[in-house]
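Everything on this sheet refers to the single structure shown next.
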Amino acid sequence: MYEKLEFLLALAREKHFGRAAQVCGVSQPNLSAAIKQLESILGVPLVDRGARFLGFTPEGERVLEWARRIVGDTRAMRAEVETMKQGLTGHLRLAVIPTALPVVSCLTAAFWKRHPGIKLTVSSHTSTEVLSMLDNLEADAGITYLDNEPLGRISEVPLYRERHHLVTAEGNPFFDRPTVSWEEVAGLPLCLLSPDMQNRRIIDRTFAEIGCRVDPLLETSSIVVIATHVRAGYWATIMPRLMAEEMCLPPHVRTIPLVAPEVANLVGLVVGHRDPQPPLTAALVAEARTLAPTLSSRS
């Protein structure tokens with residue numbers, strides 16, 4: 001039964017029988033047969049089938065929810081047994097929104113110092129993808145916004161607030177100003193994250209609230225691309241203060257607080273709602289709680 005539930009989860013992630021089979025290391029006929037056996041055991045159709053995967057039936061969606069719980073709990077149980085046998089070991093997968101990428105090393109470095117030898121994978125995703133990866137057991141934890149969009153069944157540790165600043169190079173407008181308004185920034189040549197990113201939606205919403213519309217000259221999903229273009233001197237960007245600090249921008253680039261309005265959005269660690277938590281996840285949550293006051297004071 002457990003293996004069949006793993007296959008069902010893989011199909012939910014990949015939305016394609018062939019790719020799901022490849023991920024699971026089995027042939028497509030074997031995966032399809034296993035899911036049909038699961039349907040027979042439960043007595044309901046789980047998958048809408050045609051020439052290709054079409055989605056899950058209503059019954060399939062409910063079984064999928066149970067599959068996530070059962071597989072997640074089973075993995076957590078196995079991890080705890082391994083920890084009892086040989087201490088904290090394993091692989092921790094962390095999905096992070098782009099604006100938190102420069103900050104995540106504060107958490108991972110503190111975690112790894114306390115638990116050396118743990119393998120870490122950090123990947124960049126939209127806030128929607130972070131939550132989806134937690135749901136589908138593709139990530140063990142995430143760092144995302146806590147106060148803008150529904151989070152679902154997760155546990156959270158607030159870390160810091162994103163307080164937006166204008167980031168601009170020497171010689172550009174407002175470089176010598178102590179503060180600058182959002183309305184003033186609207187007329188600058190901006191490079192911003194792409195519209196699928198929640199940070200960009202926050203920025204667009206703020207401009208809309210003051211009656212401004214911004215059409216950036218450059219859009220990207222990469223923080224590195226934004227940083228290099230700001231360093232080049234022509235473009236400016238809007239960036240959280242803590243993020244700018246962690247990027248160690250050169251002296252000819254300044255961060256200037258944005259006012260009228262002042263915008264602050266809560267960012268934190270999120271993990272699947274599970275009790276008990278897997279040992280690695282529990283250790284990361286404990287580290288995040290220890291680190292949160294420091295990050296909060298800097299933001």
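Chain lettering (A, B, ...) mirrors the order of the structure tokens, residue numbering begins at 1 for each chain separately, and ligand numbering begins at 1 in order of display.
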Which residues come within 10 Å of Ala264 of chain A, counting only C-alpha atoms, excluding same-chain residues fewer than 4 positions away, as a short mmCIF file (atom, residue, chain, number, x, y, z; two decimals) with C-alpha atoms, in the first residue's frame?
```cif
data_model
loop_
_atom_site.label_atom_id
_atom_site.label_comp_id
_atom_site.auth_asym_id
_atom_site.auth_seq_id
_atom_site.Cartn_x
_atom_site.Cartn_y
_atom_site.Cartn_z
CA TYR A 160 11.95 39.11 9.96
CA ARG A 161 10.04 41.81 8.10
CA GLU A 162 10.90 42.89 4.57
CA ARG A 163 11.17 46.68 4.71
CA HIS A 164 11.49 47.96 1.17
CA ILE A 202 3.55 43.40 -3.25
CA PRO A 240 14.30 44.56 1.26
CA SER A 299 15.28 44.24 9.49
#
```
Within 12 Å of segment 152-157 of chain A: each segment 32-131 of chain A residue with its shortest pair, only C-alpha atoms, as a tab-separated table:
```
residue	atom	partner	partner_atom	distance
A:Glu65	CA	A:Arg153	CA	11.2
A:Arg68	CA	A:Arg153	CA	11.8
A:Arg69	CA	A:Arg153	CA	11.2
A:Thr128	CA	A:Gly152	CA	11.1
A:Val130	CA	A:Ile154	CA	11.4
A:Leu131	CA	A:Gly152	CA	8.2
```
Could those selected residues go to a file with all heavy atoms, as a PDB file, in the first residue's frame?
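Once written, out33.pdb looks like this:
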```pdb
ATOM      1  N   GLU A  65      -4.799  13.578  -0.335  1.00  0.00           N
ATOM      2  CA  GLU A  65      -4.556  14.231   0.955  1.00  0.00           C
ATOM      3  C   GLU A  65      -4.112  13.204   1.998  1.00  0.00           C
ATOM      4  O   GLU A  65      -3.173  13.440   2.765  1.00  0.00           O
ATOM      5  CB  GLU A  65      -5.820  14.960   1.419  1.00  0.00           C
ATOM      6  CG  GLU A  65      -6.151  16.217   0.622  1.00  0.00           C
ATOM      7  CD  GLU A  65      -5.051  17.252   0.732  1.00  0.00           C
ATOM      8  OE1 GLU A  65      -4.563  17.500   1.854  1.00  0.00           O
ATOM      9  OE2 GLU A  65      -4.665  17.813  -0.310  1.00  0.00           O
ATOM     10  N   ARG A  68      -0.518  12.013   1.335  1.00  0.00           N
ATOM     11  CA  ARG A  68       0.513  12.946   1.814  1.00  0.00           C
ATOM     12  C   ARG A  68       0.757  12.754   3.304  1.00  0.00           C
ATOM     13  O   ARG A  68       1.896  12.778   3.766  1.00  0.00           O
ATOM     14  CB  ARG A  68       0.077  14.383   1.520  1.00  0.00           C
ATOM     15  CG  ARG A  68       0.131  14.743   0.033  1.00  0.00           C
ATOM     16  CD  ARG A  68      -0.416  16.130  -0.221  1.00  0.00           C
ATOM     17  NE  ARG A  68      -0.334  16.490  -1.631  1.00  0.00           N
ATOM     18  CZ  ARG A  68      -1.293  17.067  -2.322  1.00  0.00           C
ATOM     19  NH1 ARG A  68      -2.457  17.347  -1.726  1.00  0.00           N
ATOM     20  NH2 ARG A  68      -1.127  17.367  -3.601  1.00  0.00           N
ATOM     21  N   ARG A  69      -0.327  12.571   4.061  1.00  0.00           N
ATOM     22  CA  ARG A  69      -0.165  12.382   5.503  1.00  0.00           C
ATOM     23  C   ARG A  69       0.538  11.064   5.805  1.00  0.00           C
ATOM     24  O   ARG A  69       1.478  11.014   6.612  1.00  0.00           O
ATOM     25  CB  ARG A  69      -1.534  12.392   6.188  1.00  0.00           C
ATOM     26  CG  ARG A  69      -2.274  13.706   6.105  1.00  0.00           C
ATOM     27  CD  ARG A  69      -3.580  13.619   6.874  1.00  0.00           C
ATOM     28  NE  ARG A  69      -4.477  14.730   6.560  1.00  0.00           N
ATOM     29  CZ  ARG A  69      -5.675  14.891   7.091  1.00  0.00           C
ATOM     30  NH1 ARG A  69      -6.139  14.017   7.971  1.00  0.00           N
ATOM     31  NH2 ARG A  69      -6.433  15.929   6.760  1.00  0.00           N
ATOM     32  N   THR A 128       4.074  30.428  -4.121  1.00  0.00           N
ATOM     33  CA  THR A 128       3.106  29.379  -4.426  1.00  0.00           C
ATOM     34  C   THR A 128       3.800  28.027  -4.559  1.00  0.00           C
ATOM     35  O   THR A 128       3.311  27.003  -4.057  1.00  0.00           O
ATOM     36  CB  THR A 128       2.348  29.705  -5.726  1.00  0.00           C
ATOM     37  OG1 THR A 128       1.689  30.961  -5.574  1.00  0.00           O
ATOM     38  CG2 THR A 128       1.314  28.630  -6.050  1.00  0.00           C
ATOM     39  N   VAL A 130       6.636  27.131  -3.187  1.00  0.00           N
ATOM     40  CA  VAL A 130       7.136  26.703  -1.873  1.00  0.00           C
ATOM     41  C   VAL A 130       6.067  25.893  -1.145  1.00  0.00           C
ATOM     42  O   VAL A 130       6.330  24.792  -0.628  1.00  0.00           O
ATOM     43  CB  VAL A 130       7.570  27.911  -1.021  1.00  0.00           C
ATOM     44  CG1 VAL A 130       7.834  27.490   0.426  1.00  0.00           C
ATOM     45  CG2 VAL A 130       8.820  28.565  -1.602  1.00  0.00           C
ATOM     46  N   LEU A 131       4.850  26.409  -1.110  1.00  0.00           N
ATOM     47  CA  LEU A 131       3.764  25.708  -0.407  1.00  0.00           C
ATOM     48  C   LEU A 131       3.394  24.411  -1.108  1.00  0.00           C
ATOM     49  O   LEU A 131       3.114  23.397  -0.451  1.00  0.00           O
ATOM     50  CB  LEU A 131       2.546  26.619  -0.298  1.00  0.00           C
ATOM     51  CG  LEU A 131       2.748  27.907   0.507  1.00  0.00           C
ATOM     52  CD1 LEU A 131       1.474  28.727   0.526  1.00  0.00           C
ATOM     53  CD2 LEU A 131       3.209  27.598   1.931  1.00  0.00           C
TER      54      LEU A 131
END
```
What residues in segment 83-283 of chain A get the DSSP label strand (DSSP E or B)? Please answer as a PyMOL selection string.
chain A and resi 91-96+119-124+141-145+154-169+180-181+190-193+218-220+236-240+253-259+264-272
Dump C-alpha atoms for the selected residues as a short mmCIF file (atom, residue, chain, number, x, y, z; two decimals), in the first residue's frame?
```cif
data_model
loop_
_atom_site.label_atom_id
_atom_site.label_comp_id
_atom_site.auth_asym_id
_atom_site.auth_seq_id
_atom_site.Cartn_x
_atom_site.Cartn_y
_atom_site.Cartn_z
CA HIS A 91 19.42 15.43 3.72
CA LEU A 92 17.40 18.61 4.34
CA ARG A 93 15.64 20.24 1.36
CA LEU A 94 14.80 23.92 1.70
CA ALA A 95 12.64 25.87 -0.81
CA VAL A 96 13.11 29.65 -0.60
CA LYS A 119 23.47 17.63 3.52
CA LEU A 120 21.54 20.74 2.53
CA THR A 121 19.75 21.57 -0.72
CA VAL A 122 18.50 25.15 -1.16
CA SER A 123 16.37 25.97 -4.22
CA SER A 124 14.65 29.15 -5.37
CA ALA A 141 10.90 23.29 4.85
CA GLY A 142 10.45 26.63 3.13
CA ILE A 143 11.07 30.31 3.64
CA THR A 144 8.25 32.49 2.35
CA TYR A 145 5.83 35.30 3.17
CA ILE A 154 1.67 24.49 7.85
CA SER A 155 3.57 25.45 10.98
CA GLU A 156 5.47 28.73 10.84
CA VAL A 157 8.32 30.55 12.56
CA PRO A 158 8.36 34.33 11.87
CA LEU A 159 11.92 35.46 11.08
CA TYR A 160 11.95 39.11 9.96
CA ARG A 161 10.04 41.81 8.10
CA GLU A 162 10.90 42.89 4.57
CA ARG A 163 11.17 46.68 4.71
CA HIS A 164 11.49 47.96 1.17
CA HIS A 165 14.31 50.27 0.08
CA LEU A 166 15.33 51.91 -3.15
CA VAL A 167 18.68 50.47 -4.27
CA THR A 168 20.50 52.76 -6.66
CA ALA A 169 24.02 53.64 -7.80
CA VAL A 180 12.40 58.60 -1.05
CA SER A 181 8.69 58.14 -1.72
CA LEU A 190 13.62 49.93 -12.62
CA CYS A 191 14.62 46.28 -12.75
CA LEU A 192 12.27 44.09 -10.73
CA LEU A 193 11.41 40.47 -10.15
CA LEU A 218 13.95 44.79 -16.94
CA GLU A 219 12.14 41.83 -15.35
CA THR A 220 13.83 38.66 -14.14
CA ALA A 236 17.58 50.96 -9.87
CA THR A 237 15.56 48.39 -7.96
CA ILE A 238 13.35 47.96 -4.91
CA MET A 239 14.77 45.52 -2.41
CA PRO A 240 14.30 44.56 1.26
CA VAL A 253 25.41 51.55 -4.42
CA ARG A 254 23.11 52.81 -1.65
CA THR A 255 19.91 51.52 -0.05
CA ILE A 256 17.43 54.31 0.76
CA PRO A 257 14.27 53.72 2.82
CA LEU A 258 11.01 53.96 0.88
CA VAL A 259 8.25 55.96 2.56
CA ALA A 264 6.80 45.74 5.75
CA ASN A 265 5.95 42.10 5.03
CA LEU A 266 6.56 39.20 7.37
CA VAL A 267 8.87 36.41 6.16
CA GLY A 268 9.36 33.15 8.00
CA LEU A 269 10.19 29.47 8.00
CA VAL A 270 7.33 27.13 7.12
CA VAL A 271 7.11 23.36 7.55
CA GLY A 272 4.34 20.84 7.10
#
```
Which is closer to Arg298 of chain A than all the others in A:Ala12, A:Val63, A:Val224, A:Ala244, using only C-alpha atoms?
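Nearest candidate to Arg298 of chain A out of A:Ala12, A:Val63, A:Val224, A:Ala244: A:Ala244.
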What's the 9 Å shell around Ile70 of chain A, counting only C-alpha atoms, without same-chain residues fewer than 5 positions away, as a list in words?
Tyr2, Leu5, Glu65 and Arg75 of chain A
Would you export the selected residues with all heavy atoms as an mmCIF file, in the first residue's frame, please?
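After the write, out_22.cif holds the following:
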```cif
data_model
loop_
_atom_site.group_PDB
_atom_site.id
_atom_site.type_symbol
_atom_site.label_atom_id
_atom_site.label_comp_id
_atom_site.auth_asym_id
_atom_site.auth_seq_id
_atom_site.Cartn_x
_atom_site.Cartn_y
_atom_site.Cartn_z
ATOM 1 N N TYR A 2 1.917 1.271 0.858
ATOM 2 C CA TYR A 2 2.766 2.459 0.961
ATOM 3 C C TYR A 2 3.386 2.814 -0.386
ATOM 4 O O TYR A 2 3.398 3.980 -0.797
ATOM 5 C CB TYR A 2 3.859 2.228 2.011
ATOM 6 C CG TYR A 2 4.845 3.371 2.105
ATOM 7 C CD1 TYR A 2 4.532 4.524 2.822
ATOM 8 C CD2 TYR A 2 6.079 3.311 1.463
ATOM 9 C CE1 TYR A 2 5.416 5.585 2.901
ATOM 10 C CE2 TYR A 2 6.973 4.369 1.538
ATOM 11 C CZ TYR A 2 6.641 5.497 2.259
ATOM 12 O OH TYR A 2 7.530 6.550 2.324
ATOM 13 N N LEU A 5 0.962 4.471 -2.671
ATOM 14 C CA LEU A 5 0.721 5.864 -2.304
ATOM 15 C C LEU A 5 1.870 6.758 -2.773
ATOM 16 O O LEU A 5 1.649 7.902 -3.185
ATOM 17 C CB LEU A 5 0.531 5.977 -0.792
ATOM 18 C CG LEU A 5 -0.712 5.276 -0.216
ATOM 19 C CD1 LEU A 5 -0.752 5.429 1.293
ATOM 20 C CD2 LEU A 5 -1.995 5.811 -0.849
ATOM 21 N N GLU A 65 -4.799 13.578 -0.335
ATOM 22 C CA GLU A 65 -4.556 14.231 0.955
ATOM 23 C C GLU A 65 -4.112 13.204 1.998
ATOM 24 O O GLU A 65 -3.173 13.440 2.765
ATOM 25 C CB GLU A 65 -5.820 14.960 1.419
ATOM 26 C CG GLU A 65 -6.151 16.217 0.622
ATOM 27 C CD GLU A 65 -5.051 17.252 0.732
ATOM 28 O OE1 GLU A 65 -4.563 17.500 1.854
ATOM 29 O OE2 GLU A 65 -4.665 17.813 -0.310
ATOM 30 N N ARG A 75 7.779 8.548 6.456
ATOM 31 C CA ARG A 75 9.140 9.048 6.285
ATOM 32 C C ARG A 75 9.673 9.621 7.588
ATOM 33 O O ARG A 75 10.842 9.422 7.937
ATOM 34 C CB ARG A 75 9.173 10.130 5.195
ATOM 35 C CG ARG A 75 8.944 9.608 3.789
ATOM 36 C CD ARG A 75 9.024 10.756 2.789
ATOM 37 N NE ARG A 75 8.723 10.332 1.428
ATOM 38 C CZ ARG A 75 8.671 11.146 0.386
ATOM 39 N NH1 ARG A 75 8.890 12.449 0.564
ATOM 40 N NH2 ARG A 75 8.395 10.691 -0.825
#
```
Do you have the atom CA of Gln37 of chain A-atom CA of Met1 of chain A distance handy?
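If I compute the distance from atom CA of Gln37 of chain A to atom CA of Met1 of chain A, I get 9.4 Å.
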Report the residues of segment 13-178 of chain A whose backbone DSSP state falls under alpha helix (DSSP H), written as number ranges by chain.
A: 13-14, 17-24, 28-42, 58-86, 101-114, 127-135
